[in-house]
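So this one's data26.cif, mmCIF, C-alpha atoms:
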data_start
#
loop_
_atom_site.group_PDB
_atom_site.id
_atom_site.type_symbol
_atom_site.label_atom_id
_atom_site.label_comp_id
_atom_site.auth_asym_id
_atom_site.auth_seq_id
_atom_site.Cartn_x
_atom_site.Cartn_y
_atom_site.Cartn_z
ATOM 1 C CA MET A 98 3.322 139.542 -110.117
ATOM 2 C CA ILE A 99 6.953 139.829 -108.989
ATOM 3 C CA ARG A 100 7.837 141.314 -105.652
ATOM 4 C CA ALA A 101 10.697 143.818 -106.185
ATOM 5 C CA THR A 102 10.917 145.377 -102.755
ATOM 6 C CA PRO A 103 8.905 144.986 -99.578
ATOM 7 C CA GLY A 104 5.523 146.627 -100.105
ATOM 8 C CA PHE A 105 5.908 147.146 -103.879
ATOM 9 C CA LEU A 106 4.758 144.892 -106.733
ATOM 10 C CA LEU A 107 5.845 145.175 -110.361
ATOM 11 C CA PRO A 108 3.779 144.023 -113.298
ATOM 12 C CA GLU A 109 4.940 140.798 -114.870
ATOM 13 C CA SER A 110 5.666 141.286 -118.589
ATOM 14 C CA PRO A 111 5.511 138.477 -121.231
ATOM 15 C CA THR A 112 9.251 138.888 -121.959
ATOM 16 C CA MET A 113 10.114 138.377 -118.337
ATOM 17 C CA ARG A 114 7.908 135.325 -118.132
ATOM 18 C CA HIS A 115 9.624 133.835 -121.237
ATOM 19 C CA SER A 116 13.128 134.492 -119.863
ATOM 20 C CA LEU A 117 12.225 132.988 -116.535
ATOM 21 C CA SER A 118 10.789 129.883 -118.132
ATOM 22 C CA LEU A 119 13.940 129.106 -120.297
ATOM 23 C CA PRO A 120 16.678 126.891 -118.737
ATOM 24 C CA HIS A 121 20.178 128.317 -118.324
ATOM 25 C CA HIS A 122 22.655 127.090 -121.051
ATOM 26 C CA ARG A 123 25.886 125.919 -119.438
ATOM 27 C CA THR A 124 29.163 125.420 -121.368
ATOM 28 C CA THR A 125 30.087 121.743 -121.380
ATOM 29 C CA PRO A 126 33.689 120.710 -120.582
ATOM 30 C CA LEU A 127 34.106 119.319 -124.108
ATOM 31 C CA LYS A 128 32.996 122.587 -125.705
ATOM 32 C CA ALA A 129 35.236 124.584 -123.377
ATOM 33 C CA SER A 130 38.211 122.375 -124.255
ATOM 34 C CA TRP A 131 37.502 122.813 -127.975
ATOM 35 C CA GLN A 132 37.330 126.598 -127.612
ATOM 36 C CA GLN A 133 40.570 126.613 -125.657
ATOM 37 C CA PHE A 134 42.185 124.431 -128.342
ATOM 38 C CA ARG A 135 41.077 126.841 -131.112
ATOM 39 C CA ARG A 136 42.428 129.850 -129.239
ATOM 40 C CA SER A 137 45.838 128.214 -128.650
ATOM 41 C CA ASP A 138 48.800 127.868 -131.033
ATOM 42 C CA LEU A 139 48.376 124.092 -131.207
ATOM 43 C CA PRO A 140 46.347 124.024 -134.479
ATOM 44 C CA THR A 141 49.041 126.057 -136.220
ATOM 45 C CA ALA A 142 51.766 123.789 -134.839
ATOM 46 C CA ILE A 143 49.901 120.690 -136.043
ATOM 47 C CA LEU A 144 49.421 122.230 -139.473
ATOM 48 C CA PHE A 145 53.136 122.908 -139.884
ATOM 49 C CA LEU A 146 54.248 119.581 -138.382
ATOM 50 C CA LEU A 147 51.836 117.437 -140.384
ATOM 51 C CA PRO A 148 53.987 117.221 -143.581
ATOM 52 C CA SER A 149 57.039 116.130 -141.568
ATOM 53 C CA VAL A 150 54.985 113.602 -139.621
ATOM 54 C CA VAL A 151 53.609 112.133 -142.853
ATOM 55 C CA ILE A 152 57.093 111.873 -144.377
ATOM 56 C CA LEU A 153 58.559 110.294 -141.223
ATOM 57 C CA ALA A 154 55.657 107.866 -140.945
ATOM 58 C CA THR A 155 56.016 106.848 -144.596
ATOM 59 C CA PHE A 156 59.786 106.570 -144.883
ATOM 60 C CA SER A 157 60.883 105.823 -141.287
ATOM 61 C CA PHE A 158 58.215 104.488 -138.940
ATOM 62 C CA TYR A 159 56.481 102.205 -141.438
ATOM 63 C CA PRO A 160 59.761 100.616 -142.697
ATOM 64 C CA ILE A 161 60.868 100.037 -139.104
ATOM 65 C CA GLY A 162 57.590 98.332 -138.301
ATOM 66 C CA ALA A 163 57.739 96.322 -141.534
ATOM 67 C CA ALA A 164 61.288 95.159 -140.683
ATOM 68 C CA PHE A 165 60.158 94.010 -137.222
ATOM 69 C CA ARG A 166 57.277 92.121 -138.806
ATOM 70 C CA LEU A 167 59.432 90.586 -141.560
ATOM 71 C CA SER A 168 61.941 89.342 -138.968
ATOM 72 C CA LEU A 169 59.250 86.885 -137.822
ATOM 73 C CA PHE A 170 58.793 85.395 -141.294
ATOM 74 C CA LYS A 171 60.748 83.267 -143.740
ATOM 75 C CA TRP A 172 60.847 84.876 -147.182
ATOM 76 C CA ASP A 173 63.301 84.348 -150.020
ATOM 77 C CA ASN A 174 62.127 87.372 -152.060
ATOM 78 C CA MET A 175 61.331 85.103 -155.026
ATOM 79 C CA VAL A 176 57.724 84.241 -154.205
ATOM 80 C CA PRO A 177 55.055 86.460 -152.618
ATOM 81 C CA GLU A 178 54.280 83.941 -149.867
ATOM 82 C CA GLN A 179 55.816 84.654 -146.458
ATOM 83 C CA ILE A 180 55.926 81.837 -143.898
ATOM 84 C CA PHE A 181 55.527 82.771 -140.254
ATOM 85 C CA ILE A 182 58.290 81.183 -138.145
ATOM 86 C CA GLY A 183 58.231 83.350 -135.013
ATOM 87 C CA LEU A 184 61.629 83.890 -133.408
ATOM 88 C CA GLN A 185 63.374 81.245 -135.502
ATOM 89 C CA ASN A 186 65.405 83.860 -137.419
ATOM 90 C CA PHE A 187 66.859 85.195 -134.174
ATOM 91 C CA LEU A 188 67.662 81.668 -132.975
ATOM 92 C CA THR A 189 69.411 81.062 -136.294
ATOM 93 C CA LEU A 190 71.536 84.170 -135.750
ATOM 94 C CA ILE A 191 72.515 83.021 -132.277
ATOM 95 C CA HIS A 192 73.830 79.742 -133.687
ATOM 96 C CA THR A 193 75.556 81.303 -136.714
ATOM 97 C CA GLY A 194 79.289 81.885 -136.360
ATOM 98 C CA ARG A 195 79.327 84.403 -139.190
ATOM 99 C CA PHE A 196 76.914 86.654 -137.299
ATOM 100 C CA TRP A 197 79.114 86.646 -134.194
ATOM 101 C CA ASN A 198 82.172 87.293 -136.377
ATOM 102 C CA SER A 199 80.500 90.327 -137.965
ATOM 103 C CA LEU A 200 79.501 91.582 -134.522
ATOM 104 C CA GLN A 201 83.084 91.182 -133.279
ATOM 105 C CA VAL A 202 84.488 92.974 -136.328
ATOM 106 C CA THR A 203 81.990 95.789 -135.793
ATOM 107 C CA LEU A 204 82.977 96.123 -132.133
ATOM 108 C CA GLU A 205 86.685 96.216 -133.042
ATOM 109 C CA TYR A 206 86.019 98.824 -135.705
ATOM 110 C CA THR A 207 83.880 100.849 -133.288
ATOM 111 C CA ALA A 208 86.431 100.766 -130.477
ATOM 112 C CA GLY A 209 89.379 101.698 -132.699
ATOM 113 C CA VAL A 210 87.701 104.444 -134.711
ATOM 114 C CA THR A 211 85.908 106.021 -131.748
ATOM 115 C CA ALA A 212 88.890 106.051 -129.375
ATOM 116 C CA ILE A 213 91.534 107.253 -131.835
ATOM 117 C CA SER A 214 89.323 109.869 -133.500
ATOM 118 C CA LEU A 215 88.309 111.240 -130.095
ATOM 119 C CA ALA A 216 91.908 111.530 -128.888
ATOM 120 C CA LEU A 217 93.175 113.151 -132.084
ATOM 121 C CA GLY A 218 90.134 115.409 -132.319
ATOM 122 C CA LEU A 219 90.661 116.679 -128.774
ATOM 123 C CA VAL A 220 94.389 117.315 -129.292
ATOM 124 C CA LEU A 221 93.781 119.171 -132.556
ATOM 125 C CA ALA A 222 90.932 121.164 -131.029
ATOM 126 C CA VAL A 223 93.178 122.319 -128.178
ATOM 127 C CA ALA A 224 95.862 123.295 -130.692
ATOM 128 C CA LEU A 225 93.407 125.209 -132.894
ATOM 129 C CA ASN A 226 92.034 127.007 -129.836
ATOM 130 C CA GLU A 227 95.390 128.656 -129.069
ATOM 131 C CA ARG A 228 95.470 132.409 -129.501
ATOM 132 C CA TRP A 229 98.850 132.467 -131.235
ATOM 133 C CA LEU A 230 97.741 130.193 -134.111
ATOM 134 C CA ALA A 231 97.369 131.987 -137.449
ATOM 135 C CA LEU A 232 94.809 131.136 -140.162
ATOM 136 C CA LYS A 233 92.488 129.367 -137.740
ATOM 137 C CA GLY A 234 89.574 129.409 -140.181
ATOM 138 C CA LEU A 235 91.638 127.721 -142.883
ATOM 139 C CA TRP A 236 92.852 124.954 -140.571
ATOM 140 C CA ARG A 237 89.343 124.291 -139.276
ATOM 141 C CA SER A 238 87.985 124.060 -142.823
ATOM 142 C CA LEU A 239 90.734 121.668 -143.879
ATOM 143 C CA TYR A 240 90.178 119.363 -140.930
ATOM 144 C CA PHE A 241 86.392 119.405 -141.411
ATOM 145 C CA LEU A 242 86.599 118.706 -145.141
ATOM 146 C CA PRO A 243 86.699 114.874 -144.737
ATOM 147 C CA VAL A 244 83.374 114.992 -142.881
ATOM 148 C CA VAL A 245 81.527 116.399 -145.904
ATOM 149 C CA THR A 246 83.448 114.326 -148.440
ATOM 150 C CA PRO A 247 81.274 111.524 -149.931
ATOM 151 C CA THR A 248 82.287 108.208 -148.400
ATOM 152 C CA VAL A 249 82.422 106.382 -151.732
ATOM 153 C CA ALA A 250 84.764 109.003 -153.205
ATOM 154 C CA ALA A 251 86.985 108.863 -150.120
ATOM 155 C CA ALA A 252 87.053 105.049 -150.303
ATOM 156 C CA MET A 253 88.158 105.173 -153.946
ATOM 157 C CA VAL A 254 91.019 107.489 -152.970
ATOM 158 C CA TRP A 255 91.921 105.099 -150.142
ATOM 159 C CA MET A 256 92.128 102.239 -152.633
ATOM 160 C CA LEU A 257 94.659 104.234 -154.652
ATOM 161 C CA ILE A 258 96.674 105.228 -151.577
ATOM 162 C CA PHE A 259 96.963 101.629 -150.362
ATOM 163 C CA ASN A 260 97.377 100.055 -153.783
ATOM 164 C CA PRO A 261 100.116 97.381 -153.473
ATOM 165 C CA GLY A 262 101.774 98.408 -156.753
ATOM 166 C CA PHE A 263 101.743 102.173 -157.140
ATOM 167 C CA GLY A 264 100.049 103.297 -153.911
ATOM 168 C CA LEU A 265 101.480 106.175 -151.914
ATOM 169 C CA VAL A 266 101.989 104.098 -148.754
ATOM 170 C CA ASN A 267 103.995 101.340 -150.449
ATOM 171 C CA THR A 268 105.934 103.874 -152.491
ATOM 172 C CA VAL A 269 107.067 105.606 -149.313
ATOM 173 C CA LEU A 270 107.906 102.260 -147.697
ATOM 174 C CA ARG A 271 110.005 101.196 -150.688
ATOM 175 C CA SER A 272 111.881 104.488 -150.566
ATOM 176 C CA LEU A 273 112.767 103.576 -146.973
ATOM 177 C CA HIS A 274 113.859 100.092 -148.117
ATOM 178 C CA LEU A 275 110.873 98.464 -146.420
ATOM 179 C CA GLN A 276 108.593 95.804 -147.837
ATOM 180 C CA GLY A 277 105.081 96.989 -148.642
ATOM 181 C CA LEU A 278 101.906 94.960 -148.185
ATOM 182 C CA ASN A 279 98.727 94.260 -150.051
ATOM 183 C CA TRP A 280 96.900 96.150 -147.339
ATOM 184 C CA LEU A 281 93.286 95.494 -148.276
ATOM 185 C CA ALA A 282 93.891 91.807 -148.982
ATOM 186 C CA ASP A 283 95.977 91.058 -145.900
ATOM 187 C CA LEU A 284 94.125 89.111 -143.209
ATOM 188 C CA HIS A 285 95.656 91.144 -140.358
ATOM 189 C CA TRP A 286 95.935 94.601 -141.954
ATOM 190 C CA ALA A 287 92.676 94.855 -143.914
ATOM 191 C CA LEU A 288 90.563 95.944 -140.935
ATOM 192 C CA PRO A 289 93.088 98.546 -139.662
ATOM 193 C CA THR A 290 93.232 99.953 -143.197
ATOM 194 C CA VAL A 291 89.452 100.294 -143.298
ATOM 195 C CA MET A 292 89.530 101.786 -139.803
ATOM 196 C CA SER A 293 92.046 104.421 -140.904
ATOM 197 C CA LEU A 294 89.475 105.773 -143.351
ATOM 198 C CA GLY A 295 86.841 105.916 -140.611
ATOM 199 C CA ILE A 296 89.271 107.721 -138.300
ATOM 200 C CA TRP A 297 90.199 110.231 -141.006
ATOM 201 C CA ARG A 298 86.533 111.015 -141.644
ATOM 202 C CA ARG A 299 85.595 111.219 -137.964
ATOM 203 C CA ILE A 300 88.371 113.476 -136.658
ATOM 204 C CA GLY A 301 86.940 116.639 -138.186
ATOM 205 C CA PHE A 302 83.532 116.218 -136.586
ATOM 206 C CA ASN A 303 85.010 115.579 -133.140
ATOM 207 C CA LEU A 304 87.361 118.524 -133.584
ATOM 208 C CA VAL A 305 84.546 120.984 -134.333
ATOM 209 C CA ILE A 306 82.428 119.827 -131.374
ATOM 210 C CA TYR A 307 85.392 119.929 -128.996
ATOM 211 C CA LEU A 308 86.399 123.341 -130.284
ATOM 212 C CA ALA A 309 82.921 124.742 -129.623
ATOM 213 C CA ALA A 310 83.029 123.296 -126.104
ATOM 214 C CA LEU A 311 86.511 124.707 -125.447
ATOM 215 C CA GLN A 312 85.424 128.196 -126.433
ATOM 216 C CA GLY A 313 82.691 127.986 -123.814
ATOM 217 C CA ILE A 314 85.187 127.419 -120.978
ATOM 218 C CA PRO A 315 86.067 130.678 -119.164
ATOM 219 C CA GLN A 316 89.721 131.638 -119.530
ATOM 220 C CA ASP A 317 89.797 132.622 -115.869
ATOM 221 C CA TYR A 318 90.176 128.953 -114.962
ATOM 222 C CA TYR A 319 93.364 128.605 -116.976
ATOM 223 C CA GLU A 320 94.777 131.903 -115.781
ATOM 224 C CA SER A 321 94.199 130.929 -112.153
ATOM 225 C CA ALA A 322 95.807 127.531 -112.713
ATOM 226 C CA GLN A 323 98.790 129.172 -114.405
ATOM 227 C CA VAL A 324 99.190 131.561 -111.478
ATOM 228 C CA ASP A 325 99.173 128.535 -109.148
ATOM 229 C CA GLY A 326 102.064 127.055 -111.110
ATOM 230 C CA ALA A 327 100.299 124.470 -113.285
ATOM 231 C CA ASN A 328 102.083 123.750 -116.552
ATOM 232 C CA THR A 329 100.440 123.085 -119.932
ATOM 233 C CA TRP A 330 100.059 119.337 -119.393
ATOM 234 C CA GLN A 331 98.594 119.788 -115.907
ATOM 235 C CA ARG A 332 96.095 122.360 -117.160
ATOM 236 C CA PHE A 333 95.068 119.975 -119.928
ATOM 237 C CA ILE A 334 94.630 116.942 -117.642
ATOM 238 C CA GLN A 335 93.145 118.662 -114.597
ATOM 239 C CA LEU A 336 91.040 121.343 -116.289
ATOM 240 C CA THR A 337 90.328 120.688 -119.959
ATOM 241 C CA VAL A 338 89.553 116.976 -119.798
ATOM 242 C CA PRO A 339 87.176 117.151 -116.767
ATOM 243 C CA LEU A 340 85.362 120.212 -118.109
ATOM 244 C CA LEU A 341 84.757 118.422 -121.432
ATOM 245 C CA ARG A 342 83.376 115.275 -119.812
ATOM 246 C CA SER A 343 79.779 115.704 -121.025
ATOM 247 C CA THR A 344 80.985 116.550 -124.526
ATOM 248 C CA THR A 345 83.201 113.466 -124.550
ATOM 249 C CA VAL A 346 80.333 111.221 -123.447
ATOM 250 C CA MET A 347 78.154 112.617 -126.221
ATOM 251 C CA LEU A 348 80.858 112.107 -128.868
ATOM 252 C CA VAL A 349 81.527 108.557 -127.675
ATOM 253 C CA ILE A 350 77.866 107.616 -128.039
ATOM 254 C CA LEU A 351 77.558 109.331 -131.422
ATOM 255 C CA GLY A 352 80.759 107.618 -132.554
ATOM 256 C CA VAL A 353 79.455 104.199 -131.516
ATOM 257 C CA ILE A 354 76.175 104.771 -133.348
ATOM 258 C CA ASP A 355 77.973 105.966 -136.477
ATOM 259 C CA SER A 356 80.379 103.017 -136.412
ATOM 260 C CA PHE A 357 77.576 100.472 -136.083
ATOM 261 C CA LEU A 358 76.025 101.915 -139.245
ATOM 262 C CA VAL A 359 79.211 101.691 -141.325
ATOM 263 C CA PHE A 360 78.666 99.937 -144.640
ATOM 264 C CA ASP A 361 79.554 101.907 -147.750
ATOM 265 C CA GLN A 362 83.295 102.190 -147.179
ATOM 266 C CA VAL A 363 83.564 98.460 -146.392
ATOM 267 C CA MET A 364 81.514 97.665 -149.491
ATOM 268 C CA VAL A 365 83.835 99.700 -151.711
ATOM 269 C CA LEU A 366 87.162 98.716 -150.153
ATOM 270 C CA THR A 367 86.893 95.015 -149.303
ATOM 271 C CA ARG A 368 83.280 93.772 -149.583
ATOM 272 C CA GLY A 369 83.867 92.139 -146.216
ATOM 273 C CA GLY A 370 87.005 90.224 -147.200
ATOM 274 C CA PRO A 371 89.475 88.744 -146.935
ATOM 275 C CA ALA A 372 87.869 85.700 -145.268
ATOM 276 C CA ASN A 373 85.235 87.942 -143.609
ATOM 277 C CA ALA A 374 87.986 89.826 -141.749
ATOM 278 C CA THR A 375 86.288 93.178 -142.456
ATOM 279 C CA GLU A 376 82.666 92.025 -142.629
ATOM 280 C CA VAL A 377 80.874 94.422 -140.312
ATOM 281 C CA ILE A 378 77.280 93.758 -139.339
ATOM 282 C CA GLY A 379 75.964 96.115 -142.016
ATOM 283 C CA GLN A 380 77.855 94.201 -144.710
ATOM 284 C CA TYR A 381 76.569 90.904 -143.282
ATOM 285 C CA LEU A 382 73.018 92.267 -143.432
ATOM 286 C CA TYR A 383 73.442 93.263 -147.075
ATOM 287 C CA THR A 384 74.932 89.900 -148.046
ATOM 288 C CA THR A 385 72.257 87.908 -146.211
ATOM 289 C CA ALA A 386 69.265 89.855 -147.469
ATOM 290 C CA PHE A 387 70.206 90.790 -151.039
ATOM 291 C CA SER A 388 72.911 88.334 -152.089
ATOM 292 C CA LEU A 389 71.491 85.210 -150.429
ATOM 293 C CA SER A 390 67.841 86.420 -150.695
ATOM 294 C CA LYS A 391 67.116 85.590 -147.040
ATOM 295 C CA MET A 392 64.984 88.630 -146.379
ATOM 296 C CA GLY A 393 63.548 87.430 -143.065
ATOM 297 C CA LEU A 394 66.993 86.679 -141.650
ATOM 298 C CA GLY A 395 68.268 90.025 -142.934
ATOM 299 C CA ALA A 396 65.370 91.774 -141.221
ATOM 300 C CA ALA A 397 66.312 90.013 -137.968
ATOM 301 C CA ILE A 398 69.857 91.389 -138.321
ATOM 302 C CA SER A 399 68.443 94.876 -138.857
ATOM 303 C CA VAL A 400 66.335 94.499 -135.692
ATOM 304 C CA VAL A 401 69.477 93.624 -133.728
ATOM 305 C CA MET A 402 71.208 96.713 -135.119
ATOM 306 C CA PHE A 403 68.156 98.828 -134.281
ATOM 307 C CA LEU A 404 68.117 97.617 -130.680
ATOM 308 C CA VAL A 405 71.846 98.245 -130.202
ATOM 309 C CA ILE A 406 71.573 101.781 -131.590
ATOM 310 C CA ALA A 407 68.435 102.423 -129.521
ATOM 311 C CA ILE A 408 70.287 101.402 -126.355
ATOM 312 C CA PHE A 409 73.138 103.822 -127.054
ATOM 313 C CA THR A 410 70.639 106.558 -127.909
ATOM 314 C CA LEU A 411 68.928 106.054 -124.548
ATOM 315 C CA LEU A 412 72.322 106.210 -122.867
ATOM 316 C CA GLN A 413 72.956 109.538 -124.578
ATOM 317 C CA TRP A 414 69.636 110.897 -123.307
ATOM 318 C CA ARG A 415 70.450 109.601 -119.824
ATOM 319 C CA PHE A 416 73.990 110.964 -119.489
ATOM 320 C CA VAL A 417 73.986 113.961 -121.842
ATOM 321 C CA GLY A 418 70.343 114.974 -122.032
ATOM 322 C CA PHE A 419 67.906 115.508 -124.872
ATOM 323 C CA GLY A 420 68.276 119.112 -125.931
ATOM 324 C CA ALA A 421 68.347 120.376 -122.354
ATOM 325 C CA ALA A 422 70.812 122.936 -121.160
ATOM 326 C CA GLU A 423 73.369 121.767 -118.649
ATOM 327 C CA GLU A 424 72.837 122.798 -115.063
ATOM 328 C CA ASP A 425 75.460 124.940 -113.381
#
Can the structure in the file be given as structure tokens, please?
Amino acid sequence: MIRATPGFLLPESPTMRHSLSLPHHRTTPLKASWQQFRRSDLPTAILFLLPSVVILATFSFYPIGAAFRLSLFKWDNMVPEQIFIGLQNFLTLIHTGRFWNSLQVTLEYTAGVTAISLALGLVLAVALNERWLALKGLWRSLYFLPVVTPTVAAAMVWMLIFNPGFGLVNTVLRSLHLQGLNWLADLHWALPTVMSLGIWRRIGFNLVIYLAALQGIPQDYYESAQVDGANTWQRFIQLTVPLLRSTTVMLVILGVIDSFLVFDQVMVLTRGGPANATEVIGQYLYTTAFSLSKMGLGAAISVVMFLVIAIFTLLQWRFVGFGAAEED
């Protein structure tokens, strides 16, 4: 019997006895987490991201890991056997003058192309942002055209322009009664000639990014400065340049990364010559791994390039941010 209220007794039914005898089923934390996971958008996100993750793992992450592993082995690509030698490939690079020469050439190329393309891109962006300029869309398209031009095609045109016999540059110099040069074969002028192609291809990208940043600057700043008596140069130095600081930092880092990956235009124009004067680190990697069949040493060079690019990428995240909006 079950006592319902004081002085009253209710009959005890079999159903009540069965319900009272069963233990209470509690939801475990694991089951609750699974139910919460099913009710969220995470399964759908995983389903849509899975193909990209598989492709990246197959064609990016696995090759990177394989290159790190191969850098610890000696392999000439002729026999299947790979001999483990630890860090010997990196020690070989440290004591190889050609490696340091390629690194120096790459740094010179990076400094020249990045600095000049940034300066010209900023000046052109300021000019194209003026209200009085007509046909702005046409000028922007023309300046951006080198960015989407295939590098190999642009390099072939560059070979014709700087041809010592009938090239445009030497033709103009001869018309001015000046002596032309064999630009791509000259020990001192080969690298600047290759750099000119990199500058020409990089200006358009910098211009578009700077132009987008300039259009985000309120015009009230310039109007106030003009009322205070600031001329065009003062407004450019004291307003435009400081307000574009974060954009400039981003373009510098992107320019450095892009310059460290340069290969195709050097391969077409000079193949690293003359006397390794234009042999950037990418060209040195190609020659070591595929021409000399030193795959382990080539992998060590690729690891060095990876670490350099990773450092500059981390700097970009530190100073510019990773997809985050700038704080006011």
**Item:** Picked residues, the PyMOL selection byres ((chain A and resi 329-340) around 12), as a ChimeraX atom specification
**Value:** /A:215-216,219-220,222-224,226-227,307-308,310-328,341-346,425
**Request:** Tell me which residues the PyMOL selection byres ((chain A and resi 195) around 12) grabs here, as number ranges by chain.
**Result:** A: 189-194, 196-202, 369, 372-378, 380-382, 384-385, 398
**Message:** Give me, as a PyMOL selection string, all polymer residues having an atom no more than 12 Å from region 169-182 of chain A, counting all atoms listed in the file and skipping those fewer than 5 positions away in the same chain.
**Reply:** chain A and resi 162-164+187-189+385-398+400
**Message:** Once the PyMOL selection byres ((chain A and resi 275-277) around 12) has been evaluated on this model, what residues remain selected, and can you format them as number ranges by chain?
**Reply:** A: 259-274, 278-281, 283, 286
**Request:** To one decimal in Å, tell me the separation between CA of Ala154 (chain A) and CA of Leu411 (chain A).
**Result:** 21.2 Å
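CA of Arg415 (chain A) lies 29.0 Å from CA of Arg166 (chain A).
Computed from the coordinates, the CA of Pro160 (chain A) to CA of Phe403 (chain A) distance equals 12.0 Å.
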**Request:** Skip Arg299 (chain A) itself and residues of its chain fewer than 6 positions away, then list as a PyMOL selection string all residues within 12 Å of it, counting all atoms listed in the file.
**Result:** chain A and resi 207+209-219+240-246+248+292-293+305-306+348-349+351-353+355-356+359
**Message:** I'd like the contact shell of Leu294 (chain A) - 9 Å cut-off, only C-alpha atoms, skipping same-chain residues fewer than 4 positions apart - returned as JSON, numbers by chain.
**Reply:** {"A": [210, 251, 252, 255, 289, 290, 298, 299, 362]}
Report the centre and edge lengths, in Å to one decimal, of an axis-aligned box enclosing every atom of region 230-234 of chain A listed in the file, padded by 4 Å on each side, as JSON.
{"center_x": 93.7, "center_y": 130.7, "center_z": -137.1, "size_x": 16.2, "size_y": 10.6, "size_z": 14.1}
**Proximity to Leu288 (chain A) - best of A:Pro247, A:Gly234, A:Gly370, A:Gly301, only C-alpha atoms** =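 Looking at the shortest contact to Leu288 (chain A), the residue is A:Gly370.
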**Prompt:** Pick from A:Ile152, A:Ile350, A:Met256, A:Val291: nearest to Glu205 (chain A), with all atoms listed in the file counted?
**Reply:**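 Smallest separation from Glu205 (chain A) among the options: A:Val291.
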